[in-house]
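upload12.cif (mmCIF, C-alpha atoms) appears below.
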data_query
loop_
_atom_site.label_atom_id
_atom_site.label_comp_id
_atom_site.auth_asym_id
_atom_site.auth_seq_id
_atom_site.Cartn_x
_atom_site.Cartn_y
_atom_site.Cartn_z
CA MET A 1392 39.19 -7.39 62.25
CA GLN A 1393 41.85 -8.76 59.89
CA LEU A 1394 40.72 -11.60 57.66
CA ASP A 1395 42.89 -14.11 55.82
CA LEU A 1396 41.14 -15.12 52.60
CA ASN A 1397 43.15 -18.34 52.62
CA LEU A 1398 41.00 -19.40 55.55
CA LEU A 1399 37.91 -19.09 53.35
CA ALA A 1400 39.40 -21.57 50.86
CA ALA A 1401 40.41 -23.88 53.70
CA LEU A 1402 36.95 -23.71 55.28
CA ASP A 1403 35.30 -24.47 51.94
CA ALA A 1404 37.54 -27.50 51.42
CA LEU A 1405 36.98 -28.76 54.96
CA LEU A 1406 33.20 -28.49 54.63
CA GLU A 1407 33.20 -30.18 51.22
CA GLU A 1408 35.55 -33.02 52.16
CA GLY A 1409 34.53 -33.51 55.79
CA SER A 1410 38.09 -34.32 56.83
CA VAL A 1411 41.45 -32.64 57.34
CA THR A 1412 43.21 -35.16 55.11
CA GLY A 1413 40.73 -34.78 52.26
CA ALA A 1414 40.81 -30.98 52.46
CA ALA A 1415 44.62 -31.00 52.48
CA ALA A 1416 44.71 -33.16 49.35
CA ARG A 1417 42.19 -30.91 47.65
CA LEU A 1418 44.24 -27.76 48.28
CA HIS A 1419 47.59 -29.52 47.76
CA VAL A 1420 48.90 -28.76 51.24
CA THR A 1421 50.08 -31.00 54.05
CA ALA A 1422 47.69 -32.43 56.63
CA PRO A 1423 49.47 -30.60 59.51
CA ALA A 1424 49.11 -27.29 57.61
CA MET A 1425 45.39 -27.92 57.10
CA SER A 1426 45.04 -28.88 60.76
CA ARG A 1427 46.57 -25.54 61.73
CA SER A 1428 44.15 -23.76 59.38
CA LEU A 1429 41.25 -25.56 61.05
CA GLY A 1430 42.52 -24.34 64.42
CA ARG A 1431 42.62 -20.74 63.17
CA ILE A 1432 39.11 -21.09 61.72
CA ARG A 1433 37.85 -22.41 65.06
CA ARG A 1434 39.37 -19.46 66.90
CA THR A 1435 37.99 -16.97 64.37
CA THR A 1436 34.44 -18.35 64.30
CA GLY A 1437 34.20 -19.58 67.86
CA ASP A 1438 32.88 -22.89 66.52
CA GLN A 1439 34.46 -26.36 66.25
CA ILE A 1440 33.38 -26.68 62.55
CA LEU A 1441 34.21 -30.41 62.47
CA VAL A 1442 33.99 -32.75 65.46
CA ARG A 1443 35.21 -36.31 65.65
CA THR A 1444 32.55 -39.05 65.85
CA GLY A 1445 34.30 -42.40 66.00
CA ARG A 1446 36.68 -42.66 63.03
CA THR A 1447 35.06 -39.86 61.04
CA MET A 1448 34.44 -36.15 61.45
CA THR A 1449 30.97 -34.58 61.48
CA PRO A 1450 30.18 -30.92 60.67
CA THR A 1451 28.61 -28.87 63.44
CA PRO A 1452 25.17 -27.26 62.98
CA TYR A 1453 26.92 -23.94 62.36
CA ALA A 1454 29.12 -25.50 59.67
CA LEU A 1455 26.10 -27.00 57.93
CA ALA A 1456 24.32 -23.65 58.05
CA VAL A 1457 27.14 -21.68 56.41
CA ARG A 1458 28.48 -24.33 53.98
CA GLU A 1459 26.68 -23.06 50.88
CA GLN A 1460 27.36 -19.41 51.77
CA VAL A 1461 31.07 -20.13 52.17
CA HIS A 1462 31.12 -21.93 48.81
CA GLN A 1463 29.47 -18.99 47.04
CA LEU A 1464 31.66 -16.40 48.77
CA LEU A 1465 34.84 -18.19 47.76
CA HIS A 1466 33.89 -18.22 44.09
CA GLN A 1467 32.78 -14.60 44.21
CA VAL A 1468 36.18 -13.65 45.63
CA GLN A 1469 37.96 -15.72 42.99
CA GLY A 1470 35.90 -14.01 40.29
CA VAL A 1471 36.77 -10.56 41.61
CA LEU A 1472 40.48 -11.28 41.89
CA ALA A 1473 40.82 -13.22 38.63
CA PRO A 1474 42.28 -11.10 35.82
CA SER A 1475 39.74 -10.14 33.16
CA ARG A 1476 41.07 -10.89 29.71
CA GLU A 1477 39.74 -11.82 26.33
CA LEU A 1478 39.50 -15.49 25.47
CA ASP A 1479 42.23 -16.55 23.06
CA LEU A 1480 41.19 -19.95 21.73
CA ALA A 1481 44.41 -20.40 19.75
CA THR A 1482 46.48 -20.40 22.97
CA LEU A 1483 43.89 -21.80 25.38
CA GLU A 1484 45.15 -24.88 27.24
CA ARG A 1485 42.55 -26.51 29.45
CA THR A 1486 41.05 -29.91 30.15
CA PHE A 1487 37.27 -30.10 30.47
CA THR A 1488 35.59 -33.04 32.17
CA LEU A 1489 32.23 -34.10 30.75
CA ARG A 1490 29.86 -36.65 32.26
CA TRP A 1491 27.39 -37.53 29.53
CA HIS A 1492 24.97 -40.38 28.99
CA ASP A 1493 26.81 -43.06 27.00
CA SER A 1494 24.55 -42.72 23.95
CA LEU A 1495 25.15 -38.96 23.85
CA VAL A 1496 28.90 -39.53 23.96
CA THR A 1497 28.60 -41.89 21.01
CA LEU A 1498 26.30 -39.65 18.99
CA SER A 1499 27.53 -36.15 19.81
CA GLY A 1500 31.00 -36.62 21.30
CA PRO A 1501 32.90 -36.90 17.98
CA ALA A 1502 31.25 -33.76 16.57
CA LEU A 1503 32.05 -31.82 19.75
CA LEU A 1504 35.68 -32.95 19.77
CA SER A 1505 36.08 -32.02 16.10
CA ALA A 1506 34.67 -28.54 16.73
CA VAL A 1507 36.88 -28.04 19.80
CA ARG A 1508 40.06 -29.14 18.03
CA GLY A 1509 39.26 -26.93 15.05
CA GLN A 1510 39.09 -23.82 17.24
CA ALA A 1511 41.27 -24.57 20.28
CA PRO A 1512 43.85 -27.31 19.64
CA GLY A 1513 45.22 -26.97 23.17
CA VAL A 1514 41.92 -28.01 24.79
CA ARG A 1515 41.34 -31.61 25.84
CA LEU A 1516 38.01 -33.31 26.57
CA ARG A 1517 37.76 -35.90 29.32
CA PHE A 1518 34.54 -37.93 29.05
CA VAL A 1519 33.74 -39.94 32.19
CA ALA A 1520 31.07 -42.58 32.72
CA GLU A 1521 27.87 -41.84 34.59
CA SER A 1522 27.76 -43.16 38.13
CA SER A 1523 25.21 -45.60 39.52
CA VAL A 1524 24.59 -43.17 42.38
CA ASP A 1525 24.10 -39.43 42.57
CA THR A 1526 27.49 -37.72 42.92
CA PRO A 1527 28.55 -34.16 43.87
CA GLU A 1528 31.28 -33.74 41.24
CA LEU A 1529 29.35 -31.07 39.32
CA ARG A 1530 28.96 -28.94 42.44
CA ARG A 1531 32.57 -29.51 43.45
CA GLY A 1532 33.92 -28.42 40.08
CA GLU A 1533 35.29 -31.86 39.21
CA VAL A 1534 32.85 -32.18 36.29
CA ASP A 1535 32.35 -29.24 33.93
CA LEU A 1536 29.32 -30.35 31.91
CA GLU A 1537 26.68 -33.04 32.29
CA ALA A 1538 24.34 -34.18 29.53
CA ASN A 1539 21.51 -36.64 30.20
CA ALA A 1540 17.76 -36.87 30.72
CA ASN A 1541 17.81 -35.57 34.30
CA ARG A 1542 17.05 -31.96 35.18
CA PRO A 1543 19.02 -31.11 38.35
CA GLY A 1544 17.00 -29.78 41.26
CA ALA A 1545 19.79 -27.97 43.12
CA PRO A 1546 19.50 -24.18 42.90
CA ASP A 1547 23.21 -23.71 42.16
CA ILE A 1548 23.11 -25.98 39.09
CA ARG A 1549 22.19 -24.41 35.76
CA ALA A 1550 20.32 -26.64 33.29
CA GLU A 1551 19.30 -26.03 29.70
CA SER A 1552 17.03 -28.20 27.57
CA VAL A 1553 18.87 -28.81 24.29
CA GLY A 1554 16.52 -31.34 22.73
CA GLU A 1555 14.24 -34.30 23.20
CA THR A 1556 13.69 -37.68 21.62
CA ARG A 1557 10.93 -40.26 21.63
CA LEU A 1558 11.42 -43.87 22.66
CA ALA A 1559 11.44 -46.60 20.04
CA VAL A 1560 11.44 -50.40 20.12
CA VAL A 1561 14.51 -52.17 18.70
CA VAL A 1562 14.54 -55.85 17.66
CA ARG A 1563 16.64 -58.08 15.43
CA GLN A 1564 15.77 -58.70 11.83
CA GLY A 1565 13.29 -61.58 11.65
CA HIS A 1566 11.98 -61.01 15.18
CA PRO A 1567 8.35 -62.24 15.56
CA LEU A 1568 7.14 -58.65 16.02
CA THR A 1569 8.44 -57.74 12.57
CA ARG A 1570 6.02 -60.22 11.02
CA VAL A 1571 2.81 -58.79 12.52
CA GLY A 1572 0.77 -56.03 10.96
CA THR A 1573 0.64 -53.79 14.04
CA VAL A 1574 2.69 -53.89 17.23
CA THR A 1575 0.03 -53.54 19.91
CA ALA A 1576 0.65 -52.90 23.59
CA LYS A 1577 -0.42 -56.49 24.32
CA ARG A 1578 2.04 -57.93 21.82
CA TYR A 1579 4.76 -55.65 23.10
CA ALA A 1580 4.15 -56.74 26.70
CA ALA A 1581 4.15 -60.43 25.75
CA ALA A 1582 7.72 -60.25 24.42
CA GLU A 1583 10.83 -60.67 26.58
CA HIS A 1584 12.70 -57.49 27.41
CA VAL A 1585 16.14 -56.16 28.31
CA THR A 1586 16.29 -52.76 30.03
CA VAL A 1587 19.00 -50.14 30.32
CA SER A 1588 19.79 -48.86 33.80
CA ARG A 1589 23.13 -47.83 35.26
CA ARG A 1590 21.59 -48.50 38.69
CA GLY A 1591 20.50 -52.01 37.72
CA ASN A 1592 16.76 -51.30 37.90
CA LEU A 1593 14.57 -53.91 36.22
CA GLY A 1594 11.55 -51.61 35.98
CA ASN A 1595 10.96 -48.09 34.68
CA ALA A 1596 8.22 -45.78 33.36
CA LEU A 1597 7.30 -48.31 30.67
CA ASP A 1598 6.05 -50.70 33.33
CA ASP A 1599 3.89 -47.95 34.82
CA ALA A 1600 2.36 -47.26 31.40
CA LEU A 1601 1.66 -50.97 30.86
CA ALA A 1602 0.13 -51.29 34.33
CA ARG A 1603 -2.36 -48.57 33.46
CA LEU A 1604 -3.48 -50.82 30.60
CA GLY A 1605 -3.65 -53.87 32.86
CA LEU A 1606 -0.51 -55.36 31.29
CA THR A 1607 2.86 -56.53 32.59
CA ARG A 1608 6.05 -57.47 30.79
CA ARG A 1609 8.88 -59.88 31.57
CA VAL A 1610 12.28 -58.24 31.92
CA VAL A 1611 14.95 -60.95 31.74
CA ALA A 1612 18.03 -58.72 32.03
CA THR A 1613 19.19 -55.20 32.71
CA VAL A 1614 22.47 -53.71 31.49
CA PRO A 1615 24.17 -50.37 32.22
CA THR A 1616 24.50 -49.05 28.65
CA GLU A 1617 22.43 -48.91 25.50
CA ALA A 1618 25.33 -50.26 23.46
CA ALA A 1619 25.31 -53.44 25.57
CA ALA A 1620 21.53 -53.76 25.33
CA LEU A 1621 21.63 -53.58 21.53
CA GLU A 1622 24.16 -56.42 21.46
CA PHE A 1623 21.79 -58.54 23.55
CA VAL A 1624 18.98 -57.77 21.14
CA ARG A 1625 21.00 -58.51 18.03
CA ASP A 1626 21.41 -62.20 18.86
CA SER A 1627 18.09 -63.05 20.51
CA ASP A 1628 14.34 -62.45 20.54
CA LEU A 1629 14.72 -59.86 23.28
CA LEU A 1630 13.63 -56.31 22.62
CA VAL A 1631 14.71 -53.02 24.12
CA CYS A 1632 13.28 -49.51 24.26
CA VAL A 1633 15.83 -46.75 23.68
CA PRO A 1634 15.72 -43.11 22.58
CA GLU A 1635 15.02 -42.84 18.89
CA VAL A 1636 18.28 -40.97 18.25
CA THR A 1637 20.23 -44.02 19.45
CA THR A 1638 18.62 -46.21 16.82
CA ARG A 1639 19.88 -44.19 13.86
CA SER A 1640 23.34 -45.73 13.87
CA ALA A 1641 22.22 -49.03 15.42
CA VAL A 1642 20.03 -49.93 12.47
CA ALA A 1643 22.86 -49.46 9.98
CA ASP A 1644 25.74 -50.79 12.07
CA LEU A 1645 24.06 -53.78 13.73
CA GLY A 1646 21.35 -54.65 11.22
CA LEU A 1647 18.51 -54.07 13.67
CA VAL A 1648 14.88 -53.08 13.09
CA VAL A 1649 13.13 -50.13 14.71
CA LEU A 1650 9.43 -50.40 15.58
CA PRO A 1651 7.10 -47.78 17.04
CA LEU A 1652 6.44 -47.96 20.77
CA PRO A 1653 2.71 -48.74 21.23
CA LEU A 1654 2.48 -46.69 24.43
CA ASP A 1655 1.62 -43.05 24.99
CA LEU A 1656 4.73 -41.69 26.69
CA PRO A 1657 6.23 -38.19 26.59
CA SER A 1658 9.49 -37.58 24.77
CA ALA A 1659 12.70 -38.04 26.72
CA PRO A 1660 14.43 -34.70 27.35
CA ILE A 1661 18.12 -33.94 26.88
CA TYR A 1662 19.55 -31.52 29.45
CA LEU A 1663 22.93 -29.81 29.49
CA SER A 1664 23.93 -28.93 33.08
CA TRP A 1665 26.76 -27.01 34.77
CA HIS A 1666 27.51 -25.32 38.08
CA GLN A 1667 26.72 -21.62 38.39
CA ARG A 1668 30.38 -20.87 39.17
CA TYR A 1669 31.10 -21.28 35.45
CA GLU A 1670 28.25 -19.07 34.26
CA SER A 1671 30.56 -16.15 33.38
CA ASP A 1672 33.68 -18.17 32.56
CA PRO A 1673 34.47 -17.32 28.89
CA ALA A 1674 36.11 -20.67 28.13
CA HIS A 1675 33.29 -22.62 29.71
CA ALA A 1676 30.67 -20.53 27.89
CA TRP A 1677 32.48 -21.25 24.62
CA LEU A 1678 32.46 -24.99 25.32
CA ARG A 1679 28.78 -24.91 26.30
CA GLY A 1680 27.95 -23.34 22.97
CA LEU A 1681 29.76 -26.05 21.03
CA ALA A 1682 28.20 -28.79 23.20
CA ARG A 1683 24.74 -27.31 22.69
CA THR A 1684 25.23 -27.39 18.91
CA ALA A 1685 26.54 -30.96 18.93
CA LEU A 1686 23.72 -32.26 21.13
CA THR A 1687 20.94 -30.40 19.32
CA ALA A 1688 22.03 -31.94 16.01
CA TYR A 1689 20.83 -35.36 17.22
CA GLY A 1690 17.59 -34.45 18.97
CA THR A 1691 14.34 -32.72 18.19
CA PRO A 1692 14.57 -29.06 19.30
CA PRO A 1693 12.90 -28.52 22.72
#
Before we go any further, please render this structure as structure tokens.
Amino acid sequence: MQLDLNLLAALDALLEEGSVTGAAARLHVTAPAMSRSLGRIRRTTGDQILVRTGRTMTPTPYALAVREQVHQLLHQVQGVLAPSRELDLATLERTFTLRWHDSLVTLSGPALLSAVRGQAPGVRLRFVAESSVDTPELRRGEVDLEANANRPGAPDIRAESVGETRLAVVVRQGHPLTRVGTVTAKRYAAAEHVTVSRRGNLGNALDDALARLGLTRRVVATVPTEAAALEFVRDSDLLVCVPEVTTRSAVADLGLVVLPLPLDLPSAPIYLSWHQRYESDPAHAWLRGLARTALTAYGTPP
């Protein structure tokens, strides 16, 4: 049986995109060429792979069953056929895409970029904003590194804890809570709050902790980034809870006051995540090392 490895790449793209047009764009071929590849795949496997349902295409049970296996096989083949050579940072030209929490970009991004440019001037970093929904870009190779508080559950995603930070309360100078001897949970709950959520959630683990004490708080606004929340706090009697590392520059730059959180909550973790396909990639391993150093500098070691 003669096999065309190009069909493996086409099948992977078809299963990831769920359409002939999307797969063609992904592999930079024409839609008719991809349609012909789908026909050859159907004849080879004896399965339709994708079937039309209305205006979209749906994978068959067989396609769903082999999707992950096809994905892994393709990258194993690429690894075998790729030339093995030593990493030359001085001549390396590559663009890495990083999806980091906005506070981590602010705190660790400049140090990472400086380290990268000092060793590999031909490398570019592309920081992209976190999405309000879970996205597959890490698995699809469109994002190289993620850094946030979420530990991925997918078996093909590698995750490493690079630090942790406790939550702290941030208020403006002269806020009523700055004039009391001790910030109790009751006083904390009685204040008005702004929360940070890229999904627009008004509640979080803080509300669960307050509920266990028989307390509730009033959240008057939610914003997608910590930088925005700190601006709200600076000009009002609102308060916000953010990771302690975020407050280091906020206090100096915005003239804010940091108070201890009067709730018993675990520290917030910082995870660095990547797809297993890059595990043995020398350039990616080099970048991971620099990112690990930059992120660890701003958090308590795990």
(request) Record the distance separating atom CA of Lys1577 of chain A and atom CA of Ala1602 of chain A, expressed in Å with one decimal. (result) 11.3 Å
(request) Could you check which of A:Arg1679, A:Arg1563, A:Arg1578, A:His1462 is closest to Leu1630 of chain A, using only C-alpha atoms? (result) A:Arg1563
(request) Carefully work through the PyMOL selection byres ((chain A and resi 1525-1539) around 8) for this structure and note down the residues it includes, as a ChimeraX atom specification. (result) /A:1407,1487-1492,1495,1522-1524,1540-1541,1547-1548,1660-1666,1675,1679
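Nearest residue to Thr1444 of chain A, choosing from A:Gly1409, A:Arg1458, A:Val1610, A:Thr1637 and counting only C-alpha atoms: A:Gly1409.
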For this file, the PyMOL selection byres ((chain A and resi 1633) around 12) selects which residues, as a JSON list (two decimals) with C-alpha atoms, keeping the file's coordinate frame?
[["chain", "number", "residue", "atom", "x", "y", "z"],
["A", 1494, "SER", "CA", 24.55, -42.72, 23.95],
["A", 1556, "THR", "CA", 13.69, -37.68, 21.62],
["A", 1557, "ARG", "CA", 10.93, -40.26, 21.63],
["A", 1558, "LEU", "CA", 11.42, -43.87, 22.66],
["A", 1559, "ALA", "CA", 11.44, -46.60, 20.04],
["A", 1560, "VAL", "CA", 11.44, -50.40, 20.12],
["A", 1561, "VAL", "CA", 14.51, -52.17, 18.70],
["A", 1562, "VAL", "CA", 14.54, -55.85, 17.66],
["A", 1584, "HIS", "CA", 12.70, -57.49, 27.41],
["A", 1585, "VAL", "CA", 16.14, -56.16, 28.31],
["A", 1586, "THR", "CA", 16.29, -52.76, 30.03],
["A", 1587, "VAL", "CA", 19.00, -50.14, 30.32],
["A", 1588, "SER", "CA", 19.79, -48.86, 33.80],
["A", 1597, "LEU", "CA", 7.30, -48.31, 30.67],
["A", 1616, "THR", "CA", 24.50, -49.05, 28.65],
["A", 1617, "GLU", "CA", 22.43, -48.91, 25.50],
["A", 1618, "ALA", "CA", 25.33, -50.26, 23.46],
["A", 1619, "ALA", "CA", 25.31, -53.44, 25.57],
["A", 1620, "ALA", "CA", 21.53, -53.76, 25.33],
["A", 1621, "LEU", "CA", 21.63, -53.58, 21.53],
["A", 1624, "VAL", "CA", 18.98, -57.77, 21.14],
["A", 1630, "LEU", "CA", 13.63, -56.31, 22.62],
["A", 1631, "VAL", "CA", 14.71, -53.02, 24.12],
["A", 1632, "CYS", "CA", 13.28, -49.51, 24.26],
["A", 1634, "PRO", "CA", 15.72, -43.11, 22.58],
["A", 1635, "GLU", "CA", 15.02, -42.84, 18.89],
["A", 1636, "VAL", "CA", 18.28, -40.97, 18.25],
["A", 1637, "THR", "CA", 20.23, -44.02, 19.45],
["A", 1638, "THR", "CA", 18.62, -46.21, 16.82],
["A", 1639, "ARG", "CA", 19.88, -44.19, 13.86],
["A", 1641, "ALA", "CA", 22.22, -49.03, 15.42],
["A", 1649, "VAL", "CA", 13.13, -50.13, 14.71],
["A", 1650, "LEU", "CA", 9.43, -50.40, 15.58],
["A", 1651, "PRO", "CA", 7.10, -47.78, 17.04],
["A", 1652, "LEU", "CA", 6.44, -47.96, 20.77],
["A", 1658, "SER", "CA", 9.49, -37.58, 24.77],
["A", 1659, "ALA", "CA", 12.70, -38.04, 26.72]]
Using only C-alpha atoms, find all polymer residues with an atom at most 12 Å away from the point (33.7, -19.0, 63.5); report them as a PDB file with C-alpha atoms, keeping the file's coordinate frame.
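Now in selection.pdb:
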ATOM      1  CA  LEU A1394      40.720 -11.600  57.660  1.00  0.00           C
ATOM      2  CA  LEU A1398      41.000 -19.400  55.550  1.00  0.00           C
ATOM      3  CA  LEU A1399      37.910 -19.090  53.350  1.00  0.00           C
ATOM      4  CA  LEU A1402      36.950 -23.710  55.280  1.00  0.00           C
ATOM      5  CA  LEU A1429      41.250 -25.560  61.050  1.00  0.00           C
ATOM      6  CA  GLY A1430      42.520 -24.340  64.420  1.00  0.00           C
ATOM      7  CA  ARG A1431      42.620 -20.740  63.170  1.00  0.00           C
ATOM      8  CA  ILE A1432      39.110 -21.090  61.720  1.00  0.00           C
ATOM      9  CA  ARG A1433      37.850 -22.410  65.060  1.00  0.00           C
ATOM     10  CA  ARG A1434      39.370 -19.460  66.900  1.00  0.00           C
ATOM     11  CA  THR A1435      37.990 -16.970  64.370  1.00  0.00           C
ATOM     12  CA  THR A1436      34.440 -18.350  64.300  1.00  0.00           C
ATOM     13  CA  GLY A1437      34.200 -19.580  67.860  1.00  0.00           C
ATOM     14  CA  ASP A1438      32.880 -22.890  66.520  1.00  0.00           C
ATOM     15  CA  GLN A1439      34.460 -26.360  66.250  1.00  0.00           C
ATOM     16  CA  ILE A1440      33.380 -26.680  62.550  1.00  0.00           C
ATOM     17  CA  LEU A1441      34.210 -30.410  62.470  1.00  0.00           C
ATOM     18  CA  THR A1451      28.610 -28.870  63.440  1.00  0.00           C
ATOM     19  CA  PRO A1452      25.170 -27.260  62.980  1.00  0.00           C
ATOM     20  CA  TYR A1453      26.920 -23.940  62.360  1.00  0.00           C
ATOM     21  CA  ALA A1454      29.120 -25.500  59.670  1.00  0.00           C
ATOM     22  CA  ALA A1456      24.320 -23.650  58.050  1.00  0.00           C
ATOM     23  CA  VAL A1457      27.140 -21.680  56.410  1.00  0.00           C
ATOM     24  CA  VAL A1461      31.070 -20.130  52.170  1.00  0.00           C
TER      25      VAL A1461
END
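Here atom CA of Asn1397 of chain A stands at a distance of 26.2 Å from atom CA of Pro1546 of chain A.
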(request) I would like the residues chosen by the PyMOL selection byres ((chain A and resi 1628) around 10) on the shown file; could you give them as JSON, numbers by chain? (result) {"A": [1562, 1563, 1564, 1565, 1566, 1567, 1568, 1582, 1583, 1584, 1623, 1624, 1625, 1626, 1627, 1629, 1630]}
Would you mind exporting C-alpha atoms of the selected residues as a CSV table (one decimal), in the coordinates of the input?
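Just written: out.csv:
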chain,number,residue,atom,x,y,z
A,1562,VAL,CA,14.5,-55.8,17.7
A,1563,ARG,CA,16.6,-58.1,15.4
A,1564,GLN,CA,15.8,-58.7,11.8
A,1565,GLY,CA,13.3,-61.6,11.6
A,1566,HIS,CA,12.0,-61.0,15.2
A,1567,PRO,CA,8.4,-62.2,15.6
A,1568,LEU,CA,7.1,-58.6,16.0
A,1582,ALA,CA,7.7,-60.2,24.4
A,1583,GLU,CA,10.8,-60.7,26.6
A,1584,HIS,CA,12.7,-57.5,27.4
A,1623,PHE,CA,21.8,-58.5,23.6
A,1624,VAL,CA,19.0,-57.8,21.1
A,1625,ARG,CA,21.0,-58.5,18.0
A,1626,ASP,CA,21.4,-62.2,18.9
A,1627,SER,CA,18.1,-63.0,20.5
A,1629,LEU,CA,14.7,-59.9,23.3
A,1630,LEU,CA,13.6,-56.3,22.6
